[in-house]
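What follows is work-v3.cif (mmCIF, C-alpha atoms).
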```cif
data_final
loop_
_atom_site.label_atom_id
_atom_site.label_comp_id
_atom_site.auth_asym_id
_atom_site.auth_seq_id
_atom_site.Cartn_x
_atom_site.Cartn_y
_atom_site.Cartn_z
CA MET H 1 113.45 -42.91 183.41
CA SER H 2 115.66 -39.84 183.81
CA GLN H 3 115.75 -38.38 187.31
CA ASP H 4 114.65 -35.12 185.69
CA VAL H 5 111.47 -36.62 184.21
CA GLN H 6 108.63 -38.08 186.24
CA ALA H 7 106.05 -40.19 184.42
CA GLU H 8 102.88 -41.58 185.98
CA THR H 9 99.50 -42.83 184.87
CA ARG H 10 96.52 -41.20 186.50
CA GLY H 11 93.51 -43.11 185.29
CA PRO H 12 93.07 -42.20 181.61
CA ILE H 13 95.93 -39.66 181.68
CA GLY H 14 99.62 -40.26 181.11
CA LEU H 15 101.29 -37.43 183.04
CA VAL H 16 104.85 -36.21 182.43
CA THR H 17 106.45 -33.70 184.80
CA LEU H 18 109.79 -32.12 183.95
CA THR H 19 111.72 -31.76 187.22
CA ARG H 20 115.08 -30.29 186.22
CA THR H 21 114.09 -27.16 188.07
CA LYS H 22 117.56 -25.72 188.73
CA ALA H 23 118.00 -25.49 184.95
CA LEU H 24 114.44 -24.23 184.43
CA ASN H 25 113.59 -27.68 183.05
CA ALA H 26 115.95 -27.28 180.09
CA LEU H 27 115.86 -30.47 178.05
CA ASP H 28 119.01 -32.61 178.15
CA LEU H 29 119.67 -35.82 176.25
CA GLY H 30 118.74 -38.02 179.21
CA MET H 31 115.34 -36.37 179.42
CA ILE H 32 114.78 -36.84 175.69
CA ARG H 33 115.72 -40.51 175.98
CA ALA H 34 113.24 -40.93 178.84
CA LEU H 35 110.36 -39.13 177.15
CA HIS H 36 110.34 -40.75 173.73
CA PRO H 37 109.90 -44.42 174.78
CA GLN H 38 107.35 -43.37 177.40
CA LEU H 39 105.23 -41.73 174.70
CA ASP H 40 105.57 -44.87 172.58
CA ALA H 41 104.39 -47.01 175.51
CA TRP H 42 101.38 -44.83 176.30
CA ALA H 43 100.39 -44.78 172.63
CA LYS H 44 99.92 -48.58 172.83
CA GLU H 45 97.96 -48.59 176.10
CA PRO H 46 94.17 -48.45 175.42
CA GLN H 47 93.39 -47.16 178.92
CA VAL H 48 95.55 -44.05 178.35
CA LYS H 49 93.36 -41.58 176.47
CA ALA H 50 95.64 -38.52 176.53
CA VAL H 51 99.10 -37.38 177.58
CA VAL H 52 99.73 -34.25 179.65
CA ILE H 53 103.17 -32.63 180.02
CA ARG H 54 104.06 -29.91 182.52
CA GLY H 55 107.09 -28.34 184.19
CA ALA H 56 107.80 -28.36 187.94
CA GLY H 57 109.12 -25.50 190.02
CA GLY H 58 106.65 -22.73 189.17
CA LYS H 59 109.08 -20.74 187.03
CA ALA H 60 109.32 -22.56 183.73
CA PHE H 61 107.65 -25.09 181.52
CA CYS H 62 110.94 -25.67 179.68
CA ALA H 63 113.58 -23.00 179.10
CA GLY H 64 114.99 -24.71 176.01
CA GLY H 65 117.40 -27.41 174.99
CA ASP H 66 120.67 -28.05 176.80
CA VAL H 67 122.79 -26.41 174.11
CA ARG H 68 125.40 -25.53 176.71
CA ALA H 69 126.24 -29.24 177.05
CA VAL H 70 126.42 -29.55 173.27
CA ALA H 71 128.82 -26.61 173.00
CA LEU H 72 131.03 -27.87 175.83
CA SER H 73 131.30 -31.26 174.10
CA LEU H 74 132.71 -29.84 170.88
CA GLY H 75 136.26 -30.96 170.18
CA LYS H 76 136.28 -33.55 172.95
CA PRO H 77 136.96 -37.27 172.31
CA VAL H 78 133.87 -39.33 171.51
CA PRO H 79 133.59 -42.80 173.11
CA GLU H 80 133.92 -45.63 170.62
CA GLY H 81 130.60 -46.60 169.10
CA GLU H 82 128.86 -43.33 170.07
CA GLU H 83 127.87 -40.26 168.08
CA PRO H 84 129.20 -36.83 169.02
CA LEU H 85 126.71 -35.10 171.30
CA SER H 86 126.21 -32.41 168.66
CA ALA H 87 124.82 -35.11 166.35
CA ALA H 88 122.99 -37.30 168.88
CA TYR H 89 121.31 -34.46 170.75
CA PHE H 90 119.68 -32.79 167.76
CA ARG H 91 118.85 -36.08 166.06
CA GLU H 92 117.01 -37.37 169.11
CA GLU H 93 115.40 -34.05 170.03
CA TYR H 94 113.97 -33.69 166.53
CA ALA H 95 112.77 -37.30 166.62
CA LEU H 96 110.93 -36.53 169.87
CA ASN H 97 109.36 -33.40 168.35
CA HIS H 98 108.33 -35.47 165.32
CA ARG H 99 106.74 -38.08 167.62
CA ILE H 100 104.73 -35.38 169.39
CA HIS H 101 103.74 -33.76 166.09
CA HIS H 102 102.24 -37.05 164.86
CA TYR H 103 101.03 -38.40 168.23
CA GLU H 104 97.98 -40.65 168.00
CA LYS H 105 96.34 -39.31 171.14
CA PRO H 106 95.70 -35.85 172.55
CA PHE H 107 99.00 -34.37 173.70
CA ILE H 108 98.29 -31.57 176.16
CA ALA H 109 101.06 -29.17 177.22
CA LEU H 110 100.44 -27.06 180.31
CA VAL H 111 102.73 -24.17 179.42
CA ASP H 112 103.14 -22.21 182.65
CA GLY H 113 106.12 -19.87 183.00
CA ILE H 114 109.12 -19.69 180.67
CA SER H 115 108.99 -21.57 177.38
CA MET H 116 111.88 -20.99 175.02
CA GLY H 117 113.40 -22.86 172.09
CA GLY H 118 113.13 -26.54 172.90
CA GLY H 119 110.21 -25.75 175.21
CA LEU H 120 108.20 -24.76 172.17
CA GLY H 121 109.33 -27.98 170.52
CA LEU H 122 107.85 -29.95 173.43
CA SER H 123 104.53 -28.10 173.27
CA ILE H 124 103.63 -26.51 169.95
CA HIS H 125 103.66 -29.85 168.13
CA GLY H 126 101.01 -31.26 170.46
CA SER H 127 97.28 -31.12 169.87
CA HIS H 128 96.54 -28.77 172.82
CA ARG H 129 98.70 -26.01 174.36
CA VAL H 130 97.25 -24.53 177.54
CA VAL H 131 99.00 -21.23 178.36
CA THR H 132 98.80 -19.26 181.60
CA GLU H 133 99.27 -15.62 182.54
CA ARG H 134 102.82 -16.48 183.66
CA LEU H 135 103.90 -17.55 180.17
CA VAL H 136 106.92 -15.91 178.57
CA PHE H 137 107.86 -17.47 175.23
CA SER H 138 110.62 -16.80 172.74
CA MET H 139 112.96 -18.29 170.17
CA PRO H 140 116.26 -16.68 171.26
CA GLU H 141 118.67 -18.67 169.09
CA THR H 142 120.19 -15.85 167.02
CA ALA H 143 121.70 -14.53 170.27
CA ILE H 144 123.72 -17.73 170.72
CA GLY H 145 124.89 -18.31 167.16
CA LEU H 146 122.18 -20.84 166.40
CA PHE H 147 118.85 -20.73 164.50
CA PRO H 148 115.20 -21.30 165.54
CA ASP H 149 115.02 -25.07 165.30
CA VAL H 150 112.65 -27.70 166.82
CA GLY H 151 110.35 -27.05 163.86
CA GLY H 152 110.68 -23.26 163.95
CA GLY H 153 110.96 -23.28 160.18
CA TRP H 154 107.51 -24.89 160.14
CA PHE H 155 105.56 -23.02 162.84
CA LEU H 156 107.06 -19.51 162.69
CA PRO H 157 106.00 -18.84 159.06
CA ARG H 158 102.49 -19.88 160.11
CA PHE H 159 102.20 -17.06 162.62
CA PRO H 160 100.29 -13.98 161.35
CA GLY H 161 102.06 -11.97 158.66
CA GLU H 162 105.76 -11.55 159.36
CA VAL H 163 105.45 -11.88 163.14
CA GLY H 164 107.27 -15.22 163.05
CA THR H 165 110.15 -13.62 161.15
CA TYR H 166 110.32 -10.83 163.74
CA LEU H 167 110.33 -13.27 166.67
CA ALA H 168 112.92 -15.50 165.02
CA LEU H 169 115.42 -12.77 164.18
CA THR H 170 115.09 -10.65 167.32
CA GLY H 171 114.37 -13.29 169.98
CA ALA H 172 111.61 -10.98 171.24
CA ARG H 173 109.50 -12.35 174.07
CA GLY H 174 105.77 -12.92 173.84
CA THR H 175 103.01 -13.03 176.45
CA ALA H 176 100.14 -15.46 176.92
CA ALA H 177 97.89 -13.12 174.93
CA ASP H 178 100.48 -13.10 172.15
CA ALA H 179 100.63 -16.91 172.27
CA MET H 180 96.87 -17.15 171.81
CA TRP H 181 96.91 -14.65 168.96
CA VAL H 182 99.72 -16.25 166.97
CA GLY H 183 98.34 -19.75 167.49
CA TYR H 184 100.88 -21.15 169.93
CA GLY H 185 98.25 -21.40 172.66
CA THR H 186 94.96 -23.21 172.15
CA GLN H 187 93.43 -22.37 175.56
CA TYR H 188 94.22 -19.68 178.13
CA VAL H 189 93.80 -20.84 181.73
CA GLU H 190 94.89 -19.13 184.94
CA HIS H 191 97.78 -21.01 186.54
CA THR H 192 95.88 -21.46 189.83
CA LYS H 193 93.35 -23.63 187.97
CA LEU H 194 95.82 -26.09 186.46
CA ASP H 195 95.50 -28.67 189.23
CA ALA H 196 91.72 -28.61 188.93
CA LEU H 197 92.02 -28.88 185.16
CA LEU H 198 94.22 -31.96 185.50
CA GLU H 199 91.75 -33.51 187.92
CA ALA H 200 88.92 -32.82 185.46
CA LEU H 201 90.84 -34.59 182.71
CA GLU H 202 91.30 -37.60 185.00
CA LYS H 203 87.56 -37.74 185.76
CA ALA H 204 86.30 -36.97 182.26
CA ASP H 205 84.11 -39.35 180.28
CA TRP H 206 86.36 -40.34 177.41
CA GLY H 207 83.88 -42.75 175.81
CA VAL H 208 81.21 -40.43 174.43
CA GLU H 209 83.24 -38.55 171.81
CA THR H 210 86.68 -38.81 170.25
CA PRO H 211 89.59 -38.33 172.66
CA ARG H 212 90.52 -35.05 170.99
CA GLU H 213 86.96 -33.75 171.29
CA ALA H 214 86.84 -34.82 174.95
CA ALA H 215 90.13 -33.08 175.70
CA THR H 216 88.98 -29.90 173.98
CA ARG H 217 85.69 -29.93 175.89
CA VAL H 218 87.40 -30.23 179.28
CA LEU H 219 90.08 -27.64 178.54
CA SER H 220 87.57 -25.19 177.10
CA SER H 221 85.50 -25.38 180.29
CA PHE H 222 88.45 -23.82 182.16
CA ALA H 223 89.48 -21.34 179.48
CA THR H 224 89.03 -17.58 179.61
CA ASN H 225 90.05 -14.67 177.39
CA ALA H 226 93.75 -13.78 177.53
CA GLY H 227 93.08 -10.17 176.55
CA PRO H 228 94.71 -8.06 173.82
CA ALA H 229 98.01 -9.20 172.34
CA PRO H 230 100.82 -6.63 172.32
CA LEU H 231 102.23 -8.20 169.16
CA GLU H 232 98.95 -7.66 167.32
CA ARG H 233 99.28 -3.91 167.81
CA LEU H 234 102.70 -4.07 166.17
CA GLN H 235 101.73 -6.30 163.25
CA GLU H 236 101.37 -3.61 160.59
CA ALA H 237 104.84 -2.24 161.37
CA ILE H 238 106.32 -5.73 161.64
CA ASP H 239 104.86 -6.71 158.27
CA ARG H 240 106.25 -3.58 156.62
CA CYS H 241 109.73 -4.05 158.03
CA PHE H 242 110.24 -7.82 158.05
CA ARG H 243 108.80 -8.88 154.69
CA GLY H 244 112.11 -8.75 152.84
CA ASP H 245 114.43 -11.61 151.95
CA ARG H 246 117.61 -9.82 153.04
CA VAL H 247 118.55 -8.92 156.59
CA GLU H 248 120.14 -5.72 155.30
CA GLY H 249 116.79 -4.82 153.72
CA ILE H 250 115.00 -5.40 157.01
CA LEU H 251 117.42 -3.05 158.77
CA GLU H 252 116.86 -0.42 156.08
CA ALA H 253 113.09 -0.74 156.46
CA LEU H 254 113.40 -0.31 160.22
CA ALA H 255 115.49 2.82 159.69
CA THR H 256 112.82 4.20 157.40
CA GLU H 257 110.10 3.37 159.94
CA GLY H 258 111.85 5.68 162.39
CA THR H 259 109.78 4.87 165.50
CA GLU H 260 111.08 4.05 168.95
CA TRP H 261 110.09 0.41 168.43
CA ALA H 262 111.93 0.32 165.10
CA GLU H 263 115.11 1.83 166.55
CA THR H 264 115.04 -0.58 169.51
CA THR H 265 114.54 -3.47 167.10
CA ARG H 266 117.45 -2.31 164.93
CA ALA H 267 119.67 -2.19 168.00
CA THR H 268 118.56 -5.70 169.00
CA LEU H 269 119.41 -7.10 165.57
CA GLY H 270 122.79 -5.41 165.81
CA ARG H 271 123.65 -7.57 168.83
CA MET H 272 122.79 -10.89 167.18
CA SER H 273 125.14 -13.18 165.30
CA PRO H 274 125.28 -11.92 161.70
CA SER H 275 125.66 -15.48 160.44
CA SER H 276 122.67 -16.66 162.47
CA LEU H 277 120.52 -13.80 161.20
CA LYS H 278 121.22 -14.65 157.58
CA VAL H 279 120.85 -18.41 158.05
CA THR H 280 117.61 -17.93 159.97
CA LEU H 281 116.02 -15.69 157.37
CA ARG H 282 116.97 -18.14 154.63
CA GLN H 283 115.57 -20.99 156.73
CA LEU H 284 112.21 -19.29 157.21
CA ARG H 285 111.84 -18.39 153.55
CA ARG H 286 112.80 -21.87 152.35
CA CYS H 287 110.62 -23.69 154.85
CA ARG H 288 107.38 -21.73 154.68
CA SER H 289 105.89 -23.98 151.99
CA LEU H 290 107.42 -27.28 153.15
CA PRO H 291 105.66 -30.02 155.14
CA TYR H 292 106.87 -30.49 158.69
CA THR H 293 108.91 -33.66 158.11
CA GLU H 294 110.93 -31.96 155.36
CA VAL H 295 111.49 -28.96 157.63
CA ALA H 296 112.79 -31.24 160.40
CA ALA H 297 115.24 -32.90 158.01
CA LEU H 298 116.47 -29.53 156.76
CA GLU H 299 116.87 -28.23 160.31
CA TYR H 300 118.97 -31.24 161.23
CA ARG H 301 121.34 -30.33 158.37
CA LEU H 302 121.47 -26.81 159.72
CA SER H 303 122.16 -28.05 163.25
CA GLN H 304 125.23 -29.96 162.13
CA HIS H 305 126.67 -27.18 160.00
CA VAL H 306 125.83 -24.24 162.27
CA THR H 307 127.14 -25.82 165.49
CA ALA H 308 130.47 -26.28 163.71
CA LEU H 309 130.76 -22.53 163.08
CA PRO H 310 132.66 -20.31 165.56
CA ASP H 311 129.58 -18.27 166.47
CA PHE H 312 127.86 -21.21 168.18
CA TRP H 313 130.56 -21.67 170.77
CA GLU H 314 131.03 -17.92 171.11
CA GLY H 315 127.33 -17.33 171.68
CA ILE H 316 127.11 -20.08 174.30
CA ARG H 317 130.25 -18.74 175.97
CA ALA H 318 128.92 -15.19 176.17
CA VAL H 319 125.39 -16.07 177.32
CA LEU H 320 125.65 -19.35 179.24
CA VAL H 321 129.30 -19.98 180.25
CA ASP H 322 131.15 -16.73 181.04
CA LYS H 323 127.85 -14.80 180.93
CA ASP H 324 129.59 -11.56 179.99
CA GLN H 325 126.92 -10.90 177.30
CA ARG H 326 129.71 -9.69 174.98
CA PRO H 327 129.94 -12.11 172.07
CA ARG H 328 132.67 -11.51 169.52
CA TRP H 329 131.01 -12.72 166.34
CA ASN H 330 133.02 -14.11 163.43
CA PRO H 331 132.25 -12.82 160.83
CA ALA H 332 131.55 -9.63 162.73
CA THR H 333 129.26 -7.93 160.19
CA LEU H 334 126.44 -8.88 157.84
CA ALA H 335 128.50 -7.71 154.88
CA GLU H 336 131.13 -10.34 155.67
CA VAL H 337 128.61 -13.21 155.64
CA SER H 338 128.53 -14.36 152.04
CA ASP H 339 125.61 -16.02 150.29
CA ASP H 340 127.84 -19.04 149.68
CA ALA H 341 128.56 -19.36 153.41
CA VAL H 342 124.84 -19.27 154.17
CA GLU H 343 124.04 -21.81 151.47
CA ALA H 344 126.74 -24.15 152.78
CA CYS H 345 124.75 -24.51 156.00
CA PHE H 346 121.97 -26.18 154.02
CA ALA H 347 124.23 -28.75 152.32
CA PRO H 348 123.09 -32.40 152.50
CA LEU H 349 124.77 -34.68 155.03
CA GLY H 350 124.81 -37.90 152.99
CA ASP H 351 124.46 -40.95 155.18
CA ALA H 352 124.13 -38.75 158.27
CA GLU H 353 120.83 -37.18 157.19
CA TRP H 354 117.97 -37.10 159.73
CA ARG H 355 115.14 -39.47 158.92
CA PRO H 356 111.96 -40.01 160.98
#
```
Would you encode the structure as structure tokens?
Amino acid sequence: MSQDVQAETRGPIGLVTLTRTKALNALDLGMIRALHPQLDAWAKEPQVKAVVIRGAGGKAFCAGGDVRAVALSLGKPVPEGEEPLSAAYFREEYALNHRIHHYEKPFIALVDGISMGGGLGLSIHGSHRVVTERLVFSMPETAIGLFPDVGGGWFLPRFPGEVGTYLALTGARGTAADAMWVGYGTQYVEHTKLDALLEALEKADWGVETPREAATRVLSSFATNAGPAPLERLQEAIDRCFRGDRVEGILEALATEGTEWAETTRATLGRMSPSSLKVTLRQLRRCRSLPYTEVAALEYRLSQHVTALPDFWEGIRAVLVDKDQRPRWNPATLAEVSDDAVEACFAPLGDAEWRP
């Protein structure tokens, strides 16, 4: 077990606690390699009725994947017999997400604090996602030359209207109320009640109904109303502006909208990687009718092509290494990102394809 993952069995509950608190519980390869076999083991243990995952430290559930390590590994020698980290990391992260998505038992994420990128991958694929008033969630990948992966092509198009498109392209942050409205959260519970909720799960009668019904009953007994969702108030404008299939068209629609929100959103898009914006929009449009497993396979292709582009390293440098927040994108404008360049990011990988 990774030193950044604690796993314990509390009666009928398999409990995972992410403890990489200095990195806001960002998911590195060691943590992935600890989590996956533990889930497999608990799936085979009859006494374990449900799995609960949470983050330690009080600030974050999981602030994303450790893409900084992936970027820093690029161009470095790879030990004989091993995959490059850029291949191994995404392959194994997506396999873990796939395992959670198809888990045989209730998988309950206690999403308290920051949840970004890979944090959504660890939670949204589970059967239950308990969110608290401290939740801040986002998919910020276009700011680092990446794309909204971990199944983003599957779950973002399933958010109301074009809200998923808006969140994916802008990296905008959502609240707990937003999470409940879009369907990320399944129950809203105040963070001070999480310990009592966990204790109730441990003491629950799991033999009267199905495990999923039992989990829902216990969680619902702690749930309250999260209140109005700020994103819901914006939905009509979001749907008008983000329904197009071209990023340039979205920017034009925002200019026509002419509101303060629209101008702020246009400015935000202007700071993102042009290549990432175009790849992401194509990803969302291609994936909206695909089953999850096909989306995961397509996103693995994207991960291998996009991390080889200059914008990935540049985005990581600007945001996570030098932290100057001044990325120099290449190509620098949307007009310079050709349709052929975007399509090349979706090219098959032959023998290196991701398979569940």
Checklist entry - Can you tell me how far CA of Pro77 in chain H sits from CA of Gly145 in chain H, in Å to one decimal? => result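 Straight-line distance from CA of Pro77 in chain H to CA of Gly145 in chain H works out to 23.1 Å.
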Item to check | Expansion of the PyMOL selection byres ((chain H and resi 220) around 12) into residues, as a PyMOL selection string | outcome: chain H and resi 128-130+186-189+197+200-201+212-219+221-225
Item to check | Result set, the PyMOL selection byres ((chain H and resi 283-289) around 8) on current file, as a VMD selection string | outcome: chain H and resid 152 to 154 156 to 158 165 245 279 to 282 290 to 291 295
Item to check | Using all atoms listed in the file: which of H:Thr170, H:Thr21, H:Thr192, H:Asn97 has the shortest distance to Tyr292 in chain H | outcome: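 Distance minimum relative to Tyr292 in chain H lands on H:Asn97.
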Next on the checklist: Suppose a student applies the PyMOL selection byres ((chain H and resi 45) around 12) to this structure; what residues should they get, written as an MDAnalysis selection string?
Outcome noted: chainID H and resid 9 11:14 38:44 46:51 104:105
Next on the checklist: List the spatial neighbours of Glu93 in chain H as a PyMOL selection string - criterion: any atom at most 10 Å away, all atoms listed in the file, same-chain residues fewer than 2 positions off excluded.
Outcome noted: chain H and resi 27-29+31-33+36+65+88-91+95-99+118+121-122+150+300
Contact check, range 129-191 of chain H to range 322-327 of chain H, at most 12 Å, counting only C-alpha atoms, closest pairs as JSON lines:
```
{"residue": "H:Thr142", "atom": "CA", "partner": "H:Pro327", "partner_atom": "CA", "distance": 11.6}
{"residue": "H:Ala143", "atom": "CA", "partner": "H:Pro327", "partner_atom": "CA", "distance": 8.8}
{"residue": "H:Ile144", "atom": "CA", "partner": "H:Pro327", "partner_atom": "CA", "distance": 8.5}
{"residue": "H:Gly145", "atom": "CA", "partner": "H:Pro327", "partner_atom": "CA", "distance": 9.4}
```
Take every atom of range 328-339 of chain H listed in the file, fit an axis-aligned box around them, add 6 Å per side, and give the centre and edge lengths in Å to one decimal as AutoDock Vina command-line options.
```
--center_x 129.3 --center_y -11.9 --center_z 159.9 --size_x 19.4 --size_y 20.3 --size_z 31.2
```
Item to check | Within 8 Å of range 262-273 of chain H using all atoms listed in the file, minus same-chain residues under 2 positions, as a list in words | outcome: Thr142, Ala143, Ile144, Gly145, Leu169, Thr170, Leu251, Leu254, Ala255, Glu257, Gly258, Thr259, Glu260, Ser275, Ser276, Leu277, Asp311, Gly315, Trp329 and Ala332 of chain H
Next on the checklist: If I take CA of Val321 in chain H and CA of Leu72 in chain H, how far is one from the other in Å, to one decimal?
Outcome noted: 9.2 Å
